[in-house]
>>> print(open('entry05.txt').read())   # compact mmCIF, C-alpha atoms
# COMPACT_ATOMS: atom_id res chain seq x y z
CA MET A 23 -29.06 0.79 5.12
CA ALA A 24 -28.59 -2.42 7.09
CA GLU A 25 -30.84 -1.09 9.79
CA GLY A 26 -33.78 -0.44 7.50
CA LYS A 27 -35.30 2.45 5.65
CA LEU A 28 -36.11 4.54 8.73
CA ALA A 29 -32.55 4.20 10.01
CA SER A 30 -31.26 6.03 6.93
CA ALA A 31 -33.63 8.97 7.50
CA PRO A 32 -31.83 12.26 8.16
CA GLN A 33 -30.80 12.51 11.79
CA ARG A 34 -32.08 16.08 12.01
CA GLU A 35 -35.60 14.67 11.58
CA ARG A 36 -35.13 12.29 14.49
CA TYR A 37 -33.84 14.72 17.10
CA PRO A 38 -34.73 16.40 19.36
CA ASP A 39 -37.04 13.65 20.56
CA LEU A 40 -38.82 14.95 23.64
CA TRP A 41 -40.87 11.80 24.30
CA ALA A 42 -37.78 9.60 24.25
CA GLY A 43 -36.15 11.97 26.75
CA ILE A 44 -39.19 11.73 29.02
CA LEU A 45 -39.22 7.92 28.71
CA SER A 46 -35.53 7.69 29.62
CA PHE A 47 -36.17 10.02 32.54
CA ALA A 48 -38.91 7.72 33.84
CA VAL A 49 -37.09 4.45 33.11
CA PRO A 50 -33.36 4.63 32.22
CA GLY A 51 -32.79 3.33 28.69
CA LEU A 52 -36.48 3.13 27.76
CA GLY A 53 -36.24 6.15 25.41
CA GLN A 54 -33.39 4.52 23.45
CA ILE A 55 -35.26 1.18 23.37
CA TRP A 56 -38.33 2.94 21.97
CA GLN A 57 -36.25 4.79 19.38
CA GLY A 58 -34.47 1.58 18.36
CA TRP A 59 -37.83 -0.14 17.96
CA ARG A 60 -39.42 2.76 16.08
CA TRP A 61 -36.50 3.39 13.72
CA HIS A 62 -35.56 -0.30 13.27
CA MET A 63 -32.11 0.27 14.74
CA PRO A 64 -31.11 -2.86 16.70
CA GLY A 65 -27.87 -1.19 17.81
CA ARG A 66 -29.81 1.59 19.52
CA LEU A 67 -32.28 -0.86 21.01
CA LEU A 68 -29.36 -2.84 22.44
CA LYS A 69 -27.87 0.36 23.79
CA GLY A 70 -31.13 1.12 25.59
CA LEU A 71 -31.13 -2.35 27.10
CA VAL A 72 -27.52 -1.87 28.26
CA PHE A 73 -28.48 1.45 29.91
CA PHE A 74 -31.48 -0.21 31.53
CA VAL A 75 -29.49 -3.12 32.96
CA VAL A 76 -26.37 -1.16 33.97
CA LEU A 77 -28.14 1.77 35.65
CA HIS A 78 -30.75 -0.33 37.44
CA GLY A 79 -28.03 -2.79 38.43
CA MET A 80 -25.96 0.05 39.94
CA PHE A 81 -28.94 1.64 41.67
CA PHE A 82 -30.38 -1.50 43.24
CA TYR A 83 -26.97 -2.94 44.12
CA GLY A 84 -26.16 0.37 45.82
CA GLN A 85 -29.41 0.21 47.75
CA ALA A 86 -28.70 -3.39 48.76
CA LEU A 87 -25.24 -2.38 50.02
CA GLY A 88 -26.93 0.31 52.13
CA GLN A 89 -29.49 -2.19 53.50
CA TRP A 90 -32.20 -0.40 51.44
CA LYS A 91 -31.95 2.64 53.70
CA ASN A 92 -29.82 5.05 51.65
CA VAL A 93 -32.41 6.52 49.28
CA PHE A 94 -34.82 8.85 51.04
CA LEU A 95 -36.13 12.40 51.08
CA PRO A 96 -36.51 13.45 54.73
CA GLN A 97 -38.83 15.94 56.39
CA TYR A 98 -36.08 17.52 58.48
CA GLN A 99 -37.16 21.06 57.74
CA GLN A 100 -40.67 20.50 59.09
CA SER A 101 -39.20 19.37 62.41
CA LEU A 102 -36.97 22.43 62.81
CA GLY A 103 -39.80 24.89 63.38
CA GLU A 104 -38.05 27.73 61.58
CA GLU A 105 -37.93 29.01 58.01
CA PHE A 106 -35.10 28.13 55.67
CA ARG A 107 -33.76 31.30 54.11
CA VAL A 108 -31.04 31.98 51.55
CA SER A 109 -30.20 35.67 50.99
CA ASN A 110 -33.32 36.48 52.99
CA ILE A 111 -35.52 34.58 50.52
CA ARG A 112 -37.67 31.90 52.11
CA LEU A 113 -37.22 28.57 50.35
CA PRO A 114 -40.03 26.01 50.26
CA ASP A 115 -39.76 23.10 52.69
CA TRP A 116 -39.11 20.51 49.95
CA LEU A 117 -36.13 22.49 48.66
CA ALA A 118 -34.78 22.88 52.18
CA ASN A 119 -35.08 19.13 52.65
CA VAL A 120 -33.16 18.50 49.42
CA TYR A 121 -30.53 20.87 50.82
CA TRP A 122 -30.35 18.77 54.01
CA ARG A 123 -30.17 15.55 51.98
CA PRO A 124 -28.26 16.52 48.76
CA ALA A 125 -27.65 12.86 47.80
CA TYR A 126 -31.31 12.64 46.83
CA ALA A 127 -30.87 15.49 44.34
CA LEU A 128 -28.71 13.05 42.33
CA GLN A 129 -30.64 9.84 43.09
CA PHE A 130 -33.89 11.46 41.91
CA TRP A 131 -32.74 11.33 38.26
CA MET A 132 -32.86 7.52 38.36
CA GLY A 133 -36.56 7.72 37.51
CA VAL A 134 -39.41 5.65 38.88
CA SER A 135 -37.05 3.48 40.94
CA ALA A 136 -36.18 6.54 43.05
CA TRP A 137 -39.56 8.25 43.09
CA PRO A 138 -41.20 6.23 45.88
CA ALA A 139 -39.11 8.49 48.15
CA VAL A 140 -41.07 11.49 46.81
CA TRP A 141 -44.36 9.62 47.26
CA ASN A 142 -43.48 8.76 50.86
CA TYR A 143 -42.46 12.39 51.43
CA CYS A 144 -45.75 13.73 50.07
CA TYR A 145 -48.07 11.02 51.40
CA PRO A 146 -46.54 9.83 54.67
CA GLU A 147 -49.64 7.90 55.68
CA SER A 148 -49.84 5.92 52.44
CA GLN A 149 -48.88 2.26 52.65
CA LEU A 150 -48.27 1.95 48.88
CA PHE A 151 -44.50 1.50 49.18
CA ALA A 152 -44.51 0.57 52.87
CA GLY A 153 -40.87 0.33 53.99
CA TYR A 154 -39.26 1.08 50.60
CA GLN A 155 -37.47 4.47 50.64
CA PRO A 156 -39.28 5.73 53.74
CA SER A 157 -39.17 9.44 54.50
CA PRO A 158 -37.74 10.04 57.98
CA GLY A 159 -39.86 12.43 59.99
CA ALA A 160 -42.70 12.25 57.49
CA ALA A 161 -46.07 12.52 59.16
CA GLY A 162 -49.46 14.05 58.58
CA PRO A 163 -50.18 17.72 59.39
CA ALA A 164 -51.77 16.78 62.72
CA VAL A 165 -48.46 15.40 64.02
CA GLY A 166 -46.47 17.77 66.19
CA ARG A 167 -42.82 18.75 65.90
CA TRP A 168 -41.75 16.68 68.87
CA GLU A 169 -43.22 13.48 67.49
CA ARG A 170 -41.69 14.20 64.10
CA GLU A 171 -38.31 14.74 65.71
CA MET A 172 -38.63 11.41 67.52
CA LYS A 173 -39.30 9.66 64.19
CA ILE A 174 -36.17 11.25 62.68
CA LYS A 175 -34.06 10.23 65.68
CA GLU A 176 -35.38 6.70 65.48
CA PHE A 177 -34.52 6.53 61.77
CA HIS A 178 -30.99 7.79 62.38
CA ARG A 179 -30.47 5.37 65.25
CA GLU A 180 -31.26 2.62 62.75
CA LEU A 181 -28.83 4.11 60.19
CA ASN A 182 -26.10 4.33 62.82
CA ARG A 183 -26.74 0.74 63.86
CA ILE A 184 -26.35 -0.40 60.22
CA GLN A 185 -23.19 1.67 59.64
CA LEU A 186 -21.55 0.42 62.83
CA ARG A 187 -22.09 -3.24 62.01
CA PRO A 188 -18.72 -5.03 61.95
CA ASP A 189 -19.33 -6.44 58.45
CA MET A 190 -20.37 -3.06 57.02
CA GLY A 191 -17.07 -1.18 56.79
CA LYS A 192 -17.20 1.36 53.97
CA ARG A 193 -20.03 -0.43 52.21
CA TRP A 194 -22.54 2.17 53.34
CA ASP A 195 -20.62 4.93 51.55
CA LEU A 196 -20.03 2.69 48.55
CA GLY A 197 -23.75 1.95 48.30
CA LEU A 198 -24.55 5.66 48.43
CA LEU A 199 -21.96 6.28 45.72
CA TYR A 200 -23.52 3.62 43.45
CA THR A 201 -27.00 5.10 43.81
CA MET A 202 -25.80 8.68 43.20
CA LEU A 203 -23.68 7.68 40.21
CA ALA A 204 -26.61 5.84 38.65
CA GLY A 205 -28.70 9.03 38.91
CA VAL A 206 -25.96 11.22 37.44
CA LEU A 207 -25.29 8.81 34.57
CA ASN A 208 -29.00 8.77 33.78
CA LEU A 209 -28.82 12.53 33.21
CA LEU A 210 -26.48 11.76 30.29
CA VAL A 211 -28.81 9.01 29.10
CA ILE A 212 -31.85 11.34 29.22
CA TYR A 213 -30.06 13.97 27.17
CA GLU A 214 -28.81 11.36 24.70
CA ALA A 215 -32.36 10.10 24.14
CA TYR A 216 -33.53 13.68 23.61
CA ALA A 217 -30.71 15.06 21.46
CA GLY A 218 -29.02 11.99 19.98
CA PRO A 219 -25.48 10.64 20.39
CA PHE A 220 -23.08 13.35 21.55
CA GLU A 221 -20.52 12.74 18.76
CA ARG A 222 -23.11 13.74 16.21
CA ILE A 223 -23.59 17.02 18.09
CA THR A 224 -19.85 17.61 18.52
CA HIS A 225 -19.16 17.05 14.82
CA ARG A 226 -22.07 19.09 13.53
CA GLY A 227 -19.68 21.77 12.28
CA GLN A 228 -17.76 19.15 10.25
CA THR A 229 -20.75 17.70 8.41
CA SER A 230 -19.64 18.99 5.00
CA THR A 231 -16.58 16.71 5.06
CA ASN A 232 -18.62 13.66 6.04
CA PRO A 233 -20.20 11.92 3.00
CA THR A 234 -23.08 10.51 5.08
CA SER A 235 -23.85 13.87 6.56
CA SER A 236 -23.54 15.70 3.23
CA SER A 237 -26.25 13.46 1.81
CA GLU A 238 -28.33 14.32 4.88
CA ALA A 239 -27.72 18.01 4.30
CA SER A 240 -28.85 17.77 0.66
CA SER A 241 -32.02 15.83 1.54
CA MET B 16 -18.82 -11.28 48.92
CA LEU B 17 -19.06 -9.47 52.24
CA ASN B 18 -15.48 -10.38 53.09
CA ALA B 19 -14.16 -9.23 49.71
CA SER B 20 -12.25 -5.97 49.63
CA ILE B 21 -14.35 -2.98 48.66
CA TYR B 22 -11.61 -2.05 46.20
CA TRP B 23 -12.90 -4.75 43.82
CA HIS B 24 -15.76 -2.35 43.15
CA LEU B 25 -13.32 0.11 41.66
CA PRO B 26 -12.68 -1.65 38.30
CA ILE B 27 -16.38 -2.52 38.05
CA LEU B 28 -17.39 1.11 38.55
CA LEU B 29 -14.68 2.23 36.15
CA ILE B 30 -15.91 -0.06 33.38
CA LEU B 31 -19.60 0.73 33.93
CA ILE B 32 -19.04 4.49 33.93
CA SER B 33 -16.83 4.24 30.83
CA LEU B 34 -19.41 2.07 29.08
CA VAL B 35 -22.32 4.45 29.75
CA TYR B 36 -20.25 7.51 28.88
CA SER B 37 -19.03 5.93 25.63
CA ALA B 38 -22.50 4.72 24.73
CA VAL B 39 -23.98 8.23 24.95
CA ARG B 40 -21.34 9.44 22.50
CA SER B 41 -22.05 7.04 19.64
CA ASP B 42 -24.56 4.61 18.17
CA ASP B 43 -21.92 2.37 16.63
CA TRP B 44 -21.08 -0.60 18.89
CA PRO B 45 -17.46 -1.18 17.80
CA THR B 46 -16.84 2.55 18.47
CA ILE B 47 -18.60 2.28 21.86
CA LEU B 48 -16.48 -0.70 22.93
CA ARG B 49 -13.23 0.87 21.74
CA SER B 50 -14.14 4.09 23.48
CA THR B 51 -15.05 2.23 26.69
CA PHE B 52 -11.59 0.66 26.78
CA ARG B 53 -9.95 4.02 26.02
CA TRP B 54 -11.87 5.90 28.73
CA ALA B 55 -11.23 3.18 31.32
CA LEU B 56 -7.52 3.26 30.53
CA TYR B 57 -7.51 7.05 30.57
CA MET B 58 -9.19 7.18 34.01
CA VAL B 59 -6.76 4.60 35.40
CA LEU B 60 -3.67 6.38 34.09
CA MET B 61 -4.69 10.01 34.44
CA PHE B 62 -6.79 9.91 37.61
CA MET B 63 -6.38 6.77 39.70
CA ALA B 64 -2.65 6.31 39.19
CA PRO B 65 -1.79 9.91 40.26
CA VAL B 66 -4.12 9.60 43.29
CA PHE B 67 -2.50 6.29 44.19
CA LEU B 68 0.96 7.82 43.76
CA ILE B 69 0.13 10.83 45.98
CA LEU B 70 -1.36 8.59 48.68
CA TRP B 71 1.61 6.22 48.49
CA ILE B 72 4.07 9.12 48.81
CA LEU B 73 2.11 10.54 51.78
CA ALA B 74 1.95 7.15 53.48
CA GLU B 75 5.39 5.69 52.71
CA ILE B 76 7.86 8.36 51.65
CA ALA B 77 6.74 11.54 53.40
CA PRO B 78 6.95 10.14 56.98
CA ARG B 79 10.70 9.56 56.46
CA TRP B 80 11.24 13.26 55.75
CA TRP B 81 10.07 14.44 59.16
>>> encode(input="entry05.txt", output="C-alpha cells")
Amino acid sequence: MAEGKLASAPQRERYPDLWAGILSFAVPGLGQIWQGWRWHMPGRLLKGLVFFVVLHGMFFYGQALGQWKNVFLPQYQQSLGEEFRVSNIRLPDWLANVYWRPAYALQFWMGVSAWPAVWNYCYPESQLFAGYQPSPGAAGPAVGRWEREMKIKEFHRELNRIQLRPDMGKRWDLGLLYTMLAGVLNLLVIYEAYAGPFERITHRGQTSTNPTSSSEASS
Amino acid sequence: MLNASIYWHLPILLILISLVYSAVRSDDWPTILRSTFRWALYMVLMFMAPVFLILWILAEIAPRWW
C-alpha cells in the first residue's frame, strides 16, 4: 500500500518479466531498477541500484587488480591448426576457446562490461575498444597460424611479467576471482529480475496461510 | 593498499556475496539486511572456520605427529 497502487497488484501478474531479465543481463541491476520505477516500488529500485554498484564495483575492481588483463576470450583454437573434438563431435572454434579459457564463461554474464571481449574476438581489426579486453591471438582470416601464435606468446609474456611483479603477489588470482564472482552473482540477479524474489517462489506452496497471498489468490 | 594483506578482501567478499544473495531472496530491506548478517555469519562459522581449523592443524599440529 505504501508503495503505491501498482505495488499492491498481484505478484503473479508481475512475473515472469522477460524484459527485466534481459535488462539485468545487459546491465546488472537495471531490470530491478526498471521494475521499481514501473511499479512504484522504491525498495526494489534501491535493490537494483545496490546490484548495479556492487557487481560493477566487484568486476572493475577485479579487472584493476589484474592490470585490466584478466578478462579476455582468446583465439587459441585457431592457432592450433587442429579440430577440437569431444566424443568425436567437432565443436565450433568459439566453444573450444571458451573451453581453453573457462573463466570467461563466468565473466560473460556480467553483461555489457564483459562483452567487449566478444567484440574483440569477433572483430580483431576493430579499434572500437582498443586495448580493453583484447583477444590474444585474434587476427583477420589472412593472418597465418605462426603470426597468430606469436601474438598469443606475446600476450602471455605480458601476463607473466605482470604476475611476477614483486608487488603483485596473489592479487592476480584475487582479481580473477572478483571478476568471475561478479558474473556468477549476476546470474542470480538476472533470474531474480525475471522470476521475482526467490522467497516468493520457495513459499508458493504456503500461500494459503499467508493473508497477503490469499488476497492475491482471490483476486 | 598494495601493501595491505590480501586477506582483508575476505570479509569484503563475504559481505558482498551475502548481500547479493540475500537481496535476490526478498524485496523487504529489513529482511535483506538481517539475512545478509545471517549468511555472512553462517559462511564464517560453517565454511571459513572449518577450513581455517584444518589448515591450522595441518600446519601446526600435524608436523609434530611425524
>>> residues_around(input="entry05.txt", residues="stretch 161-168 of chain A", least_positions_apart="6", cutoff="8 Å", atoms="all atoms listed in the file", output="list in words")
Gln100, Ser101, Leu102, Gly103, Tyr145, Pro146 and Glu147 of chain A
>>> interface_residues(input="entry05.txt", of="chain A", to="chain B", cutoff="9 Å", atoms="only C-alpha atoms", output="ChimeraX atom specification")
/A:65-66,69,72-73,76-77,80,189-193,196,200,203,207-208,210-211,213-215,218-222
>>> write_last_selection(input="entry05.txt", atoms="C-alpha atoms", output="CSV table (one decimal), keeping the file's coordinate frame")
chain,number,residue,atom,x,y,z
A,65,GLY,CA,-27.9,-1.2,17.8
A,66,ARG,CA,-29.8,1.6,19.5
A,69,LYS,CA,-27.9,0.4,23.8
A,72,VAL,CA,-27.5,-1.9,28.3
A,73,PHE,CA,-28.5,1.4,29.9
A,76,VAL,CA,-26.4,-1.2,34.0
A,77,LEU,CA,-28.1,1.8,35.6
A,80,MET,CA,-26.0,0.0,39.9
A,189,ASP,CA,-19.3,-6.4,58.4
A,190,MET,CA,-20.4,-3.1,57.0
A,191,GLY,CA,-17.1,-1.2,56.8
A,192,LYS,CA,-17.2,1.4,54.0
A,193,ARG,CA,-20.0,-0.4,52.2
A,196,LEU,CA,-20.0,2.7,48.6
A,200,TYR,CA,-23.5,3.6,43.4
A,203,LEU,CA,-23.7,7.7,40.2
A,207,LEU,CA,-25.3,8.8,34.6
A,208,ASN,CA,-29.0,8.8,33.8
A,210,LEU,CA,-26.5,11.8,30.3
A,211,VAL,CA,-28.8,9.0,29.1
A,213,TYR,CA,-30.1,14.0,27.2
A,214,GLU,CA,-28.8,11.4,24.7
A,215,ALA,CA,-32.4,10.1,24.1
A,218,GLY,CA,-29.0,12.0,20.0
A,219,PRO,CA,-25.5,10.6,20.4
A,220,PHE,CA,-23.1,13.4,21.6
A,221,GLU,CA,-20.5,12.7,18.8
A,222,ARG,CA,-23.1,13.7,16.2
>>> atom_distance(input="entry05.txt", atom1="atom CA of A:Leu113", atom2="atom CA of A:Gly197")
29.9 Å
>>> closest_residue(input="entry05.txt", among="A:Ala118, A:Ile55, A:Val49, A:Ala139", to="A:Leu209", atoms="only C-alpha atoms")
A:Val49
>>> atom_distance(input="entry05.txt", atom1="atom CA of A:Ala217", atom2="atom CA of A:Leu40")
8.4 Å
>>> atom_distance(input="entry05.txt", atom1="atom CA of A:Val140", atom2="atom CA of A:Thr201")
15.7 Å
>>> closest_residue(input="entry05.txt", among="A:Pro96, A:Gly58, A:Gly133, A:Pro138", to="A:Glu171", atoms="only C-alpha atoms")
A:Pro96
>>> closest_residue(input="entry05.txt", among="A:Gly51, A:Lys91, A:Ser109, A:Ile212", to="A:Arg183", atoms="all atoms listed in the file")
A:Lys91
